[in-house]
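A.B. asks: Next up, input_7.cif (mmCIF, C-alpha atoms and all ligand atoms).
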data_query
loop_
_atom_site.label_atom_id
_atom_site.label_comp_id
_atom_site.auth_asym_id
_atom_site.auth_seq_id
_atom_site.Cartn_x
_atom_site.Cartn_y
_atom_site.Cartn_z
CA MET A 564 9.40 -14.58 9.78
CA SER A 565 10.71 -15.47 13.22
CA MET A 566 9.46 -13.66 16.31
CA GLU A 567 12.87 -12.02 16.76
CA GLU A 568 12.55 -10.32 13.39
CA HIS A 569 9.03 -9.11 13.98
CA ILE A 570 8.99 -5.34 13.46
CA ILE A 571 5.98 -3.22 14.39
CA VAL A 572 5.22 0.41 13.67
CA GLY A 573 2.84 2.87 15.30
CA ILE A 574 2.02 6.40 14.20
CA ASP A 575 0.32 8.59 16.79
CA ILE A 576 -1.22 11.50 14.92
CA GLY A 577 -1.86 13.97 17.72
CA THR A 578 -3.01 17.56 17.55
CA SER A 579 0.28 18.74 19.08
CA LYS A 580 2.77 16.19 17.82
CA ILE A 581 3.08 13.30 15.43
CA CYS A 582 5.10 10.40 16.76
CA THR A 583 6.24 7.43 14.69
CA LEU A 584 7.74 4.51 16.59
CA VAL A 585 9.43 1.43 15.17
CA ALA A 586 9.93 -1.51 17.51
CA ARG A 587 11.13 -5.06 17.41
CA VAL A 588 9.26 -7.77 19.25
CA GLU A 589 11.74 -9.72 21.32
CA ASP A 590 11.04 -13.01 23.09
CA GLY A 591 7.46 -12.86 21.94
CA SER A 592 6.31 -10.05 24.19
CA ASN A 593 9.03 -7.47 24.82
CA LEU A 594 9.28 -4.36 22.74
CA ARG A 595 12.59 -2.81 21.84
CA ILE A 596 12.20 0.70 20.42
CA LEU A 597 14.44 0.96 17.36
CA GLY A 598 13.20 4.11 15.68
CA VAL A 599 11.65 7.34 16.94
CA GLY A 600 10.32 10.24 14.88
CA ILE A 601 8.70 13.07 16.81
CA GLU A 602 7.53 16.13 14.90
CA PRO A 603 5.27 19.05 15.78
CA SER A 604 1.86 18.47 14.25
CA GLN A 605 0.51 20.59 11.41
CA GLY A 606 -2.88 20.74 9.78
CA LEU A 607 -4.79 19.06 12.61
CA ARG A 608 -7.46 20.45 14.88
CA LYS A 609 -9.21 18.63 17.72
CA GLY A 610 -7.70 15.37 16.52
CA THR A 611 -8.85 15.59 12.91
CA VAL A 612 -7.17 16.65 9.68
CA VAL A 613 -8.12 20.15 8.55
CA ASP A 614 -5.22 20.75 6.13
CA LEU A 615 -4.26 17.58 4.31
CA SER A 616 -0.99 18.69 2.72
CA ALA A 617 0.32 20.31 5.89
CA ALA A 618 -0.56 17.25 7.94
CA ALA A 619 0.96 14.90 5.36
CA LEU A 620 4.18 16.90 5.34
CA ALA A 621 4.54 16.85 9.13
CA LEU A 622 3.77 13.13 9.09
CA SER A 623 6.37 12.43 6.42
CA ARG A 624 9.01 14.19 8.51
CA SER A 625 8.12 12.10 11.52
CA VAL A 626 8.24 8.92 9.40
CA GLU A 627 11.59 9.85 7.85
CA LYS A 628 13.14 10.36 11.27
CA ALA A 629 11.84 7.02 12.49
CA GLU A 630 13.12 5.32 9.32
CA ARG A 631 16.49 6.95 9.67
CA THR A 632 16.94 6.04 13.33
CA SER A 633 15.72 2.48 12.86
CA GLY A 634 17.19 1.74 9.45
CA PHE A 635 13.87 0.18 8.38
CA GLU A 636 11.62 1.25 5.56
CA ILE A 637 8.08 1.61 6.84
CA ASN A 638 5.22 0.45 4.64
CA ALA A 639 2.45 -0.32 7.12
CA ALA A 640 1.55 1.02 10.53
CA LEU A 641 -1.07 1.15 13.24
CA VAL A 642 -2.47 4.66 13.47
CA SER A 643 -4.16 6.42 16.38
CA LEU A 644 -7.66 7.79 16.01
CA ALA A 645 -9.37 10.54 18.00
CA GLY A 646 -11.71 13.45 17.49
CA SER A 647 -15.36 14.20 18.13
CA HIS A 648 -16.36 12.25 14.98
CA VAL A 649 -15.74 9.07 16.99
CA SER A 650 -18.71 7.62 18.79
CA SER A 651 -19.58 4.37 20.46
CA ILE A 652 -22.67 2.33 21.05
CA ASN A 653 -23.47 -0.88 22.86
CA SER A 654 -25.18 -3.53 20.83
CA ARG A 655 -26.41 -7.10 21.28
CA GLY A 656 -26.17 -9.98 18.88
CA VAL A 657 -28.24 -13.14 19.20
CA VAL A 658 -27.73 -16.48 17.43
CA GLY A 659 -28.85 -20.04 17.78
CA ILE A 660 -26.12 -22.33 19.11
CA THR A 661 -25.35 -24.93 16.45
CA GLY A 662 -24.89 -28.40 17.87
CA GLY A 663 -26.02 -27.43 21.35
CA ILE A 664 -22.50 -26.52 22.53
CA VAL A 665 -20.96 -23.08 22.04
CA ASP A 666 -17.91 -23.03 19.78
CA LEU A 667 -15.79 -20.23 18.28
CA ASP A 668 -17.97 -20.14 15.20
CA ASP A 669 -21.07 -19.37 17.29
CA ILE A 670 -19.21 -16.52 18.93
CA ASP A 671 -18.15 -15.21 15.52
CA ARG A 672 -21.74 -15.25 14.31
CA ALA A 673 -22.99 -13.57 17.49
CA LEU A 674 -20.45 -10.78 17.05
CA ASP A 675 -21.43 -10.43 13.41
CA ALA A 676 -25.04 -10.15 14.48
CA ALA A 677 -24.11 -7.45 17.00
CA GLN A 678 -22.56 -5.48 14.15
CA ALA A 679 -25.69 -5.69 12.07
CA ILE A 680 -26.91 -2.39 13.39
CA ALA A 681 -28.00 0.61 11.43
CA ILE A 682 -24.76 2.45 10.86
CA PRO A 683 -25.11 5.57 8.71
CA HIS A 684 -23.41 5.15 5.31
CA ASN A 685 -20.87 7.84 6.18
CA ARG A 686 -19.55 5.96 9.22
CA GLU A 687 -17.17 3.03 9.61
CA ILE A 688 -16.79 0.49 12.38
CA VAL A 689 -13.38 0.87 14.03
CA HIS A 690 -13.58 -1.65 16.86
CA VAL A 691 -15.99 -4.30 18.01
CA ILE A 692 -15.21 -5.22 21.59
CA GLN A 693 -17.00 -8.13 23.15
CA ARG A 694 -18.12 -7.84 26.72
CA ASN A 695 -20.55 -10.24 28.32
CA PHE A 696 -22.28 -13.27 26.92
CA SER A 697 -25.53 -14.83 27.94
CA ILE A 698 -26.79 -18.33 27.17
CA ASP A 699 -30.53 -19.03 27.22
CA GLY A 700 -31.09 -15.81 29.15
CA GLN A 701 -28.48 -16.47 31.80
CA ASP A 702 -26.17 -13.49 31.59
CA GLY A 703 -22.79 -12.54 32.99
CA ILE A 704 -21.02 -15.38 31.17
CA ARG A 705 -17.43 -14.52 30.41
CA THR A 706 -16.21 -17.61 28.60
CA PRO A 707 -19.06 -19.35 26.79
CA VAL A 708 -17.02 -21.84 24.74
CA GLY A 709 -17.93 -25.39 25.63
CA MET A 710 -21.14 -24.47 27.42
CA HIS A 711 -24.49 -26.07 26.58
CA GLY A 712 -27.48 -24.09 25.38
CA TYR A 713 -29.71 -23.04 22.52
CA ARG A 714 -29.43 -19.31 22.34
CA LEU A 715 -26.22 -17.28 22.57
CA GLU A 716 -26.31 -13.57 23.09
CA VAL A 717 -23.29 -11.24 23.08
CA GLU A 718 -23.07 -7.71 24.32
CA ALA A 719 -20.60 -5.68 22.28
CA HIS A 720 -19.14 -2.19 22.47
CA ILE A 721 -18.97 -0.86 18.93
CA ILE A 722 -16.84 2.12 18.08
CA THR A 723 -17.58 3.96 14.85
CA ALA A 724 -15.99 6.96 13.19
CA SER A 725 -16.68 9.25 10.26
CA SER A 726 -15.57 7.56 7.02
CA SER A 727 -14.40 10.77 5.40
CA THR A 728 -12.34 11.77 8.42
CA MET A 729 -10.72 8.33 8.44
CA GLU A 730 -10.14 8.50 4.70
CA ASN A 731 -8.35 11.83 5.15
CA LEU A 732 -6.12 10.27 7.77
CA ARG A 733 -5.41 7.31 5.47
CA GLU A 734 -4.56 9.74 2.68
CA CYS A 735 -2.15 11.56 4.94
CA VAL A 736 -0.38 8.34 5.85
CA ARG A 737 -0.42 7.05 2.25
CA ALA A 738 1.40 10.18 1.12
CA SER A 739 4.41 8.71 2.93
CA GLY A 740 3.94 5.39 1.17
CA ILE A 741 2.40 3.74 4.23
CA GLU A 742 -0.79 1.72 4.51
CA VAL A 743 -2.85 1.94 7.69
CA SER A 744 -3.00 -1.64 8.92
CA GLN A 745 -5.46 -0.67 11.64
CA PHE A 746 -6.81 2.40 13.36
CA VAL A 747 -6.72 2.23 17.13
CA LEU A 748 -8.82 4.52 19.25
CA ASN A 749 -6.53 6.83 21.19
CA PRO A 750 -7.67 5.92 24.76
CA LEU A 751 -7.51 2.17 24.00
CA ALA A 752 -3.88 2.54 22.97
CA SER A 753 -3.11 4.60 26.09
CA GLY A 754 -4.98 2.12 28.27
CA GLU A 755 -2.67 -0.68 27.13
CA VAL A 756 0.26 1.27 28.53
CA VAL A 757 -0.93 2.97 31.68
CA LEU A 758 -3.43 0.63 33.31
CA SER A 759 -2.34 -2.25 35.50
CA GLU A 760 -4.13 -5.57 35.25
CA THR A 761 -5.52 -5.01 38.77
CA GLU A 762 -6.97 -1.64 37.79
CA ARG A 763 -8.64 -3.13 34.73
CA GLN A 764 -10.15 -5.91 36.80
CA MET A 765 -11.32 -3.66 39.64
CA GLY A 766 -12.73 -0.99 37.38
CA ALA A 767 -10.85 2.13 36.30
CA ALA A 768 -10.90 4.82 33.66
CA VAL A 769 -7.97 6.05 31.63
CA ILE A 770 -8.20 9.73 30.77
CA ASP A 771 -5.74 10.96 28.13
CA ILE A 772 -5.67 14.77 28.05
CA GLY A 773 -3.77 15.83 24.96
CA GLY A 774 -3.57 19.12 23.07
CA GLY A 775 -6.79 19.08 21.10
CA THR A 776 -8.68 16.18 22.64
CA THR A 777 -9.48 14.46 25.90
CA ASN A 778 -10.02 10.72 25.54
CA MET A 779 -11.45 8.27 28.00
CA ALA A 780 -11.89 4.53 28.20
CA ILE A 781 -13.62 2.74 31.07
CA TYR A 782 -12.43 -0.76 31.97
CA ILE A 783 -14.50 -3.08 34.15
CA ASP A 784 -13.79 -6.75 34.87
CA GLY A 785 -10.75 -6.53 32.63
CA ASP A 786 -12.66 -5.38 29.57
CA VAL A 787 -13.38 -2.10 27.81
CA TRP A 788 -16.89 -0.99 28.71
CA HIS A 789 -17.09 2.52 27.45
CA THR A 790 -15.08 4.97 25.39
CA MET A 791 -15.33 8.67 24.71
CA VAL A 792 -13.50 11.42 22.85
CA LEU A 793 -14.01 15.08 23.81
CA ALA A 794 -12.81 17.90 21.59
CA VAL A 795 -11.08 19.85 24.37
CA GLY A 796 -7.54 19.67 25.66
CA GLY A 797 -4.45 21.59 26.65
CA ASN A 798 -4.63 23.93 23.65
CA TYR A 799 -7.81 25.37 25.14
CA VAL A 800 -5.98 26.05 28.36
CA THR A 801 -3.33 27.89 26.36
CA SER A 802 -5.81 29.98 24.40
CA ASP A 803 -7.68 30.83 27.62
CA ILE A 804 -4.40 32.11 29.04
CA ALA A 805 -3.72 34.10 25.86
CA HIS A 806 -7.15 35.71 26.08
CA GLY A 807 -7.20 36.22 29.81
CA LEU A 808 -3.75 37.72 30.09
CA ARG A 809 -3.65 39.31 26.60
CA LEU A 810 -0.61 37.42 25.41
CA PRO A 811 0.33 35.83 22.09
CA ILE A 812 -0.38 32.09 21.97
CA ALA A 813 3.31 31.14 21.94
CA GLN A 814 3.95 33.11 25.09
CA ALA A 815 0.82 31.80 26.78
CA GLU A 816 2.06 28.25 26.08
CA GLU A 817 5.48 29.12 27.48
CA ILE A 818 4.17 30.49 30.78
CA LYS A 819 1.72 27.60 31.06
CA LEU A 820 4.61 25.14 30.93
CA LYS A 821 6.79 27.25 33.23
CA TYR A 822 4.40 28.57 35.89
CA GLY A 823 1.11 26.81 35.26
CA HIS A 824 -0.86 25.18 38.07
CA ALA A 825 -4.32 23.64 38.07
CA GLN A 826 -5.12 24.39 41.71
CA THR A 827 -5.31 28.03 42.70
CA SER A 828 -5.38 27.09 46.38
CA ALA A 829 -1.96 25.44 46.10
CA VAL A 830 -0.26 28.53 44.71
CA ASN A 831 1.47 31.11 46.91
CA PRO A 832 -0.80 34.19 46.62
CA GLU A 833 2.22 36.51 46.62
CA GLU A 834 4.11 34.79 43.82
CA GLN A 835 4.70 36.78 40.63
CA PHE A 836 6.62 36.32 37.41
CA THR A 837 7.51 38.64 34.57
CA VAL A 838 6.62 38.30 30.94
CA ARG A 839 8.59 40.03 28.24
CA SER A 840 6.29 41.32 25.56
CA PHE A 841 7.38 41.35 21.94
CA GLY A 842 6.45 44.97 21.19
CA GLY A 843 9.38 46.26 23.21
CA ASP A 844 7.07 47.45 25.98
CA ALA A 845 8.26 47.16 29.55
CA PRO A 846 8.03 43.58 30.85
CA SER A 847 4.78 42.99 32.71
CA ARG A 848 4.30 41.27 36.04
CA ILE A 849 1.74 38.56 36.42
CA MET A 850 0.44 37.03 39.64
CA ARG A 851 0.83 33.27 39.49
CA VAL A 852 -2.60 32.80 41.10
CA ASP A 853 -4.20 34.70 38.21
CA LEU A 854 -2.63 32.23 35.81
CA ALA A 855 -3.69 29.30 37.99
CA GLU A 856 -7.27 30.56 38.12
CA ILE A 857 -7.52 30.49 34.33
CA ILE A 858 -6.01 27.00 34.11
CA GLU A 859 -8.10 25.64 36.95
CA ALA A 860 -11.35 26.86 35.36
CA ARG A 861 -10.65 25.06 32.08
CA MET A 862 -9.30 21.88 33.66
CA GLU A 863 -12.31 21.81 35.97
CA GLU A 864 -14.57 22.04 32.96
CA ILE A 865 -12.77 19.13 31.30
CA PHE A 866 -13.11 16.93 34.40
CA HIS A 867 -16.77 17.87 34.80
CA LEU A 868 -17.41 16.84 31.20
CA VAL A 869 -15.62 13.55 31.78
CA LEU A 870 -17.57 12.95 34.99
CA GLN A 871 -20.81 13.71 33.20
CA GLU A 872 -19.90 11.13 30.57
CA ILE A 873 -19.06 8.54 33.22
CA ARG A 874 -22.46 9.17 34.85
CA HIS A 875 -24.33 9.00 31.54
CA SER A 876 -22.63 5.75 30.71
CA GLY A 877 -23.99 4.29 33.94
CA TYR A 878 -20.63 3.31 35.42
CA ASP A 879 -20.64 5.96 38.10
CA GLY A 880 -19.57 4.26 41.29
CA LEU A 881 -18.11 1.31 39.40
CA LEU A 882 -14.58 2.64 39.29
CA PRO A 883 -13.05 1.58 42.61
CA ALA A 884 -9.54 1.79 41.15
CA GLY A 885 -10.26 5.39 40.16
CA VAL A 886 -8.88 7.27 37.21
CA VAL A 887 -5.48 7.12 35.58
CA LEU A 888 -4.49 10.37 33.92
CA THR A 889 -2.10 10.61 31.01
CA GLY A 890 -1.42 12.75 27.92
CA GLY A 891 0.73 15.90 27.83
CA SER A 892 -1.76 18.01 29.74
CA SER A 893 -1.74 15.71 32.74
CA LEU A 894 1.68 17.26 33.45
CA ILE A 895 0.16 20.54 34.63
CA PRO A 896 0.91 20.53 38.38
CA GLY A 897 -2.19 20.05 40.52
CA THR A 898 -4.05 18.11 37.81
CA ARG A 899 -4.11 14.89 39.78
CA GLN A 900 -5.53 16.55 42.91
CA LEU A 901 -8.11 18.45 40.86
CA ALA A 902 -9.27 15.27 39.13
CA ALA A 903 -9.56 13.37 42.41
CA GLN A 904 -11.48 16.24 43.98
CA ILE A 905 -13.97 16.68 41.14
CA MET A 906 -14.55 13.03 40.36
CA GLY A 907 -14.41 11.81 43.94
CA VAL A 908 -12.18 8.82 43.12
CA PRO A 909 -8.46 8.10 43.47
CA ALA A 910 -6.36 9.53 40.64
CA ARG A 911 -2.82 8.94 39.50
CA ILE A 912 -0.69 10.11 36.60
CA ALA A 913 0.94 7.49 34.40
CA GLN A 914 3.35 7.25 31.51
CA PRO A 915 5.16 4.54 29.53
CA GLN A 916 7.53 2.57 31.72
CA ASN A 917 10.09 -0.19 31.46
CA LEU A 918 10.79 0.51 27.81
CA ILE A 919 13.91 -0.77 26.19
CA GLY A 920 15.86 0.70 23.31
CA LEU A 921 15.61 4.33 22.19
CA THR A 922 13.40 5.46 25.00
CA ASP A 923 14.80 8.67 26.47
CA GLN A 924 12.11 10.91 24.93
CA LEU A 925 9.22 8.55 25.52
CA ASN A 926 9.08 8.35 29.32
CA THR A 927 6.43 11.02 29.64
CA PRO A 928 2.60 10.99 29.62
CA ALA A 929 2.48 12.63 26.17
CA PHE A 930 3.69 9.35 24.65
CA SER A 931 1.27 6.88 26.22
CA THR A 932 -0.79 6.62 23.04
CA SER A 933 2.31 6.31 20.84
CA VAL A 934 3.74 3.44 22.88
CA GLY A 935 0.23 2.03 23.31
CA LEU A 936 -0.05 1.54 19.56
CA LEU A 937 2.94 -0.78 19.72
CA GLU A 938 1.40 -2.71 22.62
CA TRP A 939 -1.77 -3.00 20.57
CA ALA A 940 0.18 -4.25 17.55
CA LEU A 941 1.75 -6.80 19.83
CA LEU A 942 -1.68 -8.03 20.89
CA ILE A 943 -2.76 -8.50 17.29
CA SER A 944 0.50 -10.08 16.23
CA GLU A 945 0.07 -12.65 18.97
CA SER A 946 -3.31 -13.49 17.56
CA SER A 947 -4.20 -16.08 15.01
CA GLN A 948 -6.64 -14.91 12.37
CA HIS A 949 -9.00 -12.49 14.01
CA ILE A 950 -8.84 -13.94 17.45
CA ASP A 951 -6.72 -12.05 19.87
CA HIS A 952 -4.70 -13.75 22.52
CA GLN A 953 -5.25 -10.56 24.45
CA ARG A 954 -2.71 -9.78 27.11
CA SER A 955 -1.07 -13.14 26.89
CA LYS A 956 1.80 -11.61 28.84
CA HIS A 957 -0.37 -11.62 31.91
CA MET A 958 -1.98 -14.99 31.38
CA LYS A 959 -2.23 -16.95 34.55
CA ASN A 960 -4.41 -19.96 34.02
CA TRP A 961 -6.45 -21.69 31.39
CA THR A 962 -9.66 -19.76 32.05
CA GLU A 963 -7.71 -16.57 31.49
CA GLN A 964 -6.26 -18.07 28.34
CA LEU A 965 -9.60 -19.14 27.06
CA LYS A 966 -11.06 -15.73 27.78
CA ASP A 967 -8.22 -14.07 25.97
CA LEU A 968 -8.53 -16.42 23.07
CA LEU A 969 -12.15 -15.47 22.69
CA ARG A 970 -11.70 -11.77 22.78
CA ARG A 971 -12.11 -10.33 19.35
CA LEU A 972 -11.20 -6.89 18.18
CA LEU A 973 -12.36 -6.14 14.69
CA PRO A 974 -11.79 -5.35 11.93
N1 LIG B 1001 5.07 19.94 31.13
C1 LIG B 1001 3.85 20.29 30.71
N2 LIG B 1001 3.05 21.03 31.49
C2 LIG B 1001 1.84 21.39 31.07
N3 LIG B 1001 1.31 21.10 29.88
C3 LIG B 1001 2.06 20.37 29.06
C4 LIG B 1001 3.36 19.92 29.41
N4 LIG B 1001 3.87 19.21 28.39
C5 LIG B 1001 2.91 19.21 27.44
N5 LIG B 1001 1.84 19.91 27.83
C6 LIG B 1001 0.61 20.17 27.07
O1 LIG B 1001 0.14 18.96 26.57
C7 LIG B 1001 -0.52 19.15 25.33
C8 LIG B 1001 0.02 18.15 24.30
O2 LIG B 1001 -0.20 16.87 24.81
P1 LIG B 1001 -0.02 15.58 23.89
O3 LIG B 1001 1.33 15.56 23.31
O4 LIG B 1001 -0.48 14.42 24.70
O5 LIG B 1001 -1.09 15.94 22.75
P2 LIG B 1001 -1.37 15.23 21.35
O6 LIG B 1001 -1.33 13.76 21.55
O7 LIG B 1001 -0.51 15.78 20.30
O8 LIG B 1001 -2.85 15.74 21.08
P3 LIG B 1001 -4.24 14.97 20.96
O9 LIG B 1001 -4.06 13.62 21.53
O10 LIG B 1001 -5.19 15.81 21.75
O11 LIG B 1001 -4.57 14.99 19.52
C9 LIG B 1001 -0.27 20.59 24.90
O12 LIG B 1001 -1.44 21.35 25.14
C10 LIG B 1001 0.85 21.03 25.86
O13 LIG B 1001 0.75 22.39 26.20
MG MG B 1002 -2.63 12.27 22.01
#
Before anything else, please render the file you have as C-alpha cells.

C.D. replies:
Amino acid sequence: MSMEEHIIVGIDIGTSKICTLVARVEDGSNLRILGVGIEPSQGLRKGTVVDLSAAALALSRSVEKAERTSGFEINAALVSLAGSHVSSINSRGVVGITGGIVDLDDIDRALDAAQAIAIPHNREIVHVIQRNFSIDGQDGIRTPVGMHGYRLEVEAHIITASSSTMENLRECVRASGIEVSQFVLNPLASGEVVLSETERQMGAAVIDIGGGTTNMAIYIDGDVWHTMVLAVGGNYVTSDIAHGLRLPIAQAEEIKLKYGHAQTSAVNPEEQFTVRSFGGDAPSRIMRVDLAEIIEARMEEIFHLVLQEIRHSGYDGLLPAGVVLTGGSSLIPGTRQLAAQIMGVPARIAQPQNLIGLTDQLNTPAFSTSVGLLEWALLISESSQHIDHQRSKHMKNWTEQLKDLLRRLLP
C-alpha cells in the first residue's frame, strides 16, 4: 500500500457525542479528512458504557455517516478511552546490558521488565510510555542506544484500565463490524493536537474538559509524565444549573450555552434573561450573575481537583508553559481566566487547526480528541514494528530522530 492510499480511522466515544473520522495520509504526514460522522452519544456515563445496545446504536450511526461521506468501508479504528476506571502508575524496569553497549533489544527488555508489575487480573495495560533511562546508576539519560554500561534502568509511565469496561467498548465497536486496533487515552490524543512542541519541551498540561469527564496529561521534556481522568465535566455544570434554577436539563443546557459564564465578576450584575417554561407558566427572569455563580462554583471545583492532582503527581511548579484547555466545556466564557487564576499558571484554549478536507465542523475544542486519534494513528503508521518514529514531522536532528525511534508506545 503506498503512503498516498493510507487511510486511517478514529472513533472518539465521548459522553456527549460520538465522532468517527476517516482520513487519508498524504505526503507521509498530512491528514486529509475524508469522512465525518458526528452523532449524539447514548448509553454512556462519565466516559464508560452503561447501556451497551444504546451505545452501539449511536456508534453505528456515527460510523455509517463517516462511511457514507468518505466512501470507505471501515473495519478497524483507533478508539478513545476515558473514565475513572483508567489509572496510571510509574514503574521501573532493570536489565543487564548484553554486550556492554545498549541496543534496541536491551531497551525492549527493560520496558518489558517495567511492565512486570502486579496488575490485578481485571485490568489491562493500555499504554507503556518510556521516560528516562539510567545506566549504571547515572540517570537522566534520554537516548541510551550506543552507550556503554552494565545495568540499564528505564522509568515508564504505565496506563491501565478495567478489562471489562474496555471489553464493553470493544463490543460496542464490533457491533458495527469494526475491530479496535488500539485504544488511546483521551488526553494523549488531545495532546497530539493542541500542544506545541515548545510547550511539550518546556512543560505543560493539556486539560480536556468534556461532558462526562475531565482528562489531563502532563508533558515535560517532550514526554508524557503523568495522566489523569476525572469523572466530572460539563454535564455536571448543566445539572447544577437545572437544580439551582429549577429547570429541566434540556433548558439548563440551552441557557448554559447561551448565557453561561465561568466568572461571576466578569458579568454585568444588572443583566437578566428570560426563560420560557414548558408548563405554560409565565416566562421567568433570571439574573445572569446567578447563572454564572453556579457555573463558576463547579468549574472552580474541577480546576481545584486538577490542581490537586498536579500537586500529588509532584510536577507542581514544573509547568512553565502552563495549561492548555480543550474539550467542549472549555468554550464556557471565562474558563481560561478562571483556570489561570486557580492554577497560577498561563492558560490558553486550543482546538484542531490547519486541517484539510471536510473540516468545517471540527475546528472547535470538542473535537481535539477526535482529530488527535488520527494524529496518533499517524504516529503508529510511521513506525516500524513497535517502535514509534514519534513526531517525525518535527524532527530536527539525529539526536531527535534517535530519541523518537526509541520511544515505544505499547501494546
Ligand atoms: N459553546 C459551548 N459553551 C459551553 N459549553 C459547551 C459549548 N459547547 C459544548 N459545551 C459543553 O461541552 C460538553 C461536551 O464536550 P465534548 O464534546 O468535548 O464532550 P465529550 O467528548 O462527548 O465527552 P467526554 O470526553 O467527557 O466523554 C457538554 O457538557 C456541553 O454542554
Ligand atoms: Mg471527549

A.B. asks: Please list as a list in words every residue within 9 Å of range 879-883 of chain A, counting all atoms listed in the file and excluding residues in the same chain fewer than 2 positions away.

C.D. replies: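 Surrounding residues, per the criterion: Glu762, Met765, Gly766, Ala767, Ala768, Ile781, Tyr782, Ile783, Leu870, Ile873, Arg874, His875, Ser876, Gly877, Gly885, Val886, Val908 and Pro909 of chain A.
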
A.B. asks: Can you tell me which residues surround range 802-815 of chain A at a distance of at most 8 Å, considering only C-alpha atoms, apart from same-chain residues fewer than 6 positions away, and format the answer as a list in words?

C.D. replies: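 Result of the neighbour search: Ser840, Leu854, Ile857, Ile858 and Arg861 of chain A.
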
A.B. asks: Please compute the CA of Leu751 in chain A-CA of Trp788 in chain A distance, one decimal, in Å.

C.D. replies: 11.0 Å

A.B. asks: Give the answer as one residue: which of A:Ile818, A:Ala794, A:Val800, A:Met779 has the shortest atom-to-atom distance to Glu872 in chain A, using all atoms listed in the file?

C.D. replies: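 Looking only at the distances to Glu872 in chain A, the closest residue turns out to be A:Met779.
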
A.B. asks: Compute the set of protein, DNA and RNA residues whose minimum atom distance to ligand LIG 1001 (chain B) is at most 8 Å, using all atoms listed in the file, and state it as a short mmCIF file (atom, residue, chain, number, x, y, z; two decimals) with C-alpha atoms, in the frame of the given file.

C.D. replies:
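What landed in selection.cif:
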data_model
loop_
_atom_site.label_atom_id
_atom_site.label_comp_id
_atom_site.auth_asym_id
_atom_site.auth_seq_id
_atom_site.Cartn_x
_atom_site.Cartn_y
_atom_site.Cartn_z
CA ASP A 575 0.32 8.59 16.79
CA ILE A 576 -1.22 11.50 14.92
CA GLY A 577 -1.86 13.97 17.72
CA THR A 578 -3.01 17.56 17.55
CA SER A 579 0.28 18.74 19.08
CA LYS A 580 2.77 16.19 17.82
CA ILE A 581 3.08 13.30 15.43
CA SER A 604 1.86 18.47 14.25
CA ARG A 608 -7.46 20.45 14.88
CA LYS A 609 -9.21 18.63 17.72
CA GLY A 610 -7.70 15.37 16.52
CA THR A 611 -8.85 15.59 12.91
CA ALA A 645 -9.37 10.54 18.00
CA GLY A 646 -11.71 13.45 17.49
CA ASN A 749 -6.53 6.83 21.19
CA ASP A 771 -5.74 10.96 28.13
CA ILE A 772 -5.67 14.77 28.05
CA GLY A 773 -3.77 15.83 24.96
CA GLY A 774 -3.57 19.12 23.07
CA GLY A 775 -6.79 19.08 21.10
CA THR A 776 -8.68 16.18 22.64
CA THR A 777 -9.48 14.46 25.90
CA ASN A 778 -10.02 10.72 25.54
CA ALA A 794 -12.81 17.90 21.59
CA VAL A 795 -11.08 19.85 24.37
CA GLY A 796 -7.54 19.67 25.66
CA GLY A 797 -4.45 21.59 26.65
CA ASN A 798 -4.63 23.93 23.65
CA TYR A 799 -7.81 25.37 25.14
CA VAL A 800 -5.98 26.05 28.36
CA THR A 801 -3.33 27.89 26.36
CA GLU A 816 2.06 28.25 26.08
CA LYS A 819 1.72 27.60 31.06
CA LEU A 820 4.61 25.14 30.93
CA LYS A 821 6.79 27.25 33.23
CA GLY A 823 1.11 26.81 35.26
CA THR A 889 -2.10 10.61 31.01
CA GLY A 890 -1.42 12.75 27.92
CA GLY A 891 0.73 15.90 27.83
CA SER A 892 -1.76 18.01 29.74
CA SER A 893 -1.74 15.71 32.74
CA LEU A 894 1.68 17.26 33.45
CA ILE A 895 0.16 20.54 34.63
CA PRO A 896 0.91 20.53 38.38
CA PRO A 928 2.60 10.99 29.62
CA ALA A 929 2.48 12.63 26.17
CA PHE A 930 3.69 9.35 24.65
CA SER A 931 1.27 6.88 26.22
CA THR A 932 -0.79 6.62 23.04
#

A.B. asks: Restricting the calculation to all atoms listed in the file: of A:Ile770, A:Val691, A:Val743, A:Cys582, which residue gets closest to Ile652 in chain A?

C.D. replies: A:Val691

A.B. asks: Considering all atoms listed in the file, state which residue in the set A:Ile698, A:Ala910, A:Leu748, A:Ile688 is at the smallest distance from Ile721 in chain A.

C.D. replies: A:Ile688

A.B. asks: Dump as a PyMOL selection string all residues having an atom at most 12 Å from (0.8, 1.6, 22.2), computed in the file's coordinates with only C-alpha atoms.

C.D. replies: chain A and resi 571-575+582-586+594+596+640-643+746-758+914-916+918+925+929-943

A.B. asks: Measure the distance from CA of Glu716 in chain A to CA of Ser697 in chain A in Å and round it to one decimal.

C.D. replies: 5.1 Å

A.B. asks: For CA of Gln678 in chain A and CA of Ala780 in chain A, determine how far apart the two atoms are, in Å to one decimal place.

C.D. replies: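 We find that CA of Gln678 in chain A and CA of Ala780 in chain A lie 20.3 Å from each other.
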
A.B. asks: Using all atoms listed in the file, pick whichever of A:Asn695, A:Ser623, A:Ser650, A:Ser633 has the shortest atom-to-atom distance to Gly598 in chain A.

C.D. replies: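 Among the listed residues, the smallest separation from Gly598 in chain A belongs to A:Ser633.
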
A.B. asks: Adding 8 Å on each side of the box along x, y and z that holds all listed atoms of range 649-659 of chain A, could you give its centre and edge lengths in Å to one decimal, as lines of an AutoDock Vina configuration file?

C.D. replies:
center_x = -22.3
center_y = -5.5
center_z = 19.9
size_x = 29.1
size_y = 45.1
size_z = 21.9

A.B. asks: For ligand MG 1002 (chain B), which residue among A:Val613, A:Ile570, A:Leu793, A:Ala825 is the nearest when counting all atoms listed in the file?

C.D. replies: A:Leu793

A.B. asks: When you count only C-alpha atoms and all ligand atoms, which of these residues is closest to ligand MG 1002 (chain B): A:Thr927, A:Asp844, A:Thr922, A:Asp786?

C.D. replies: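 Checking each of A:Thr927, A:Asp844, A:Thr922, A:Asp786 against ligand MG 1002 (chain B), counting only C-alpha atoms and all ligand atoms, the winner is A:Thr927.
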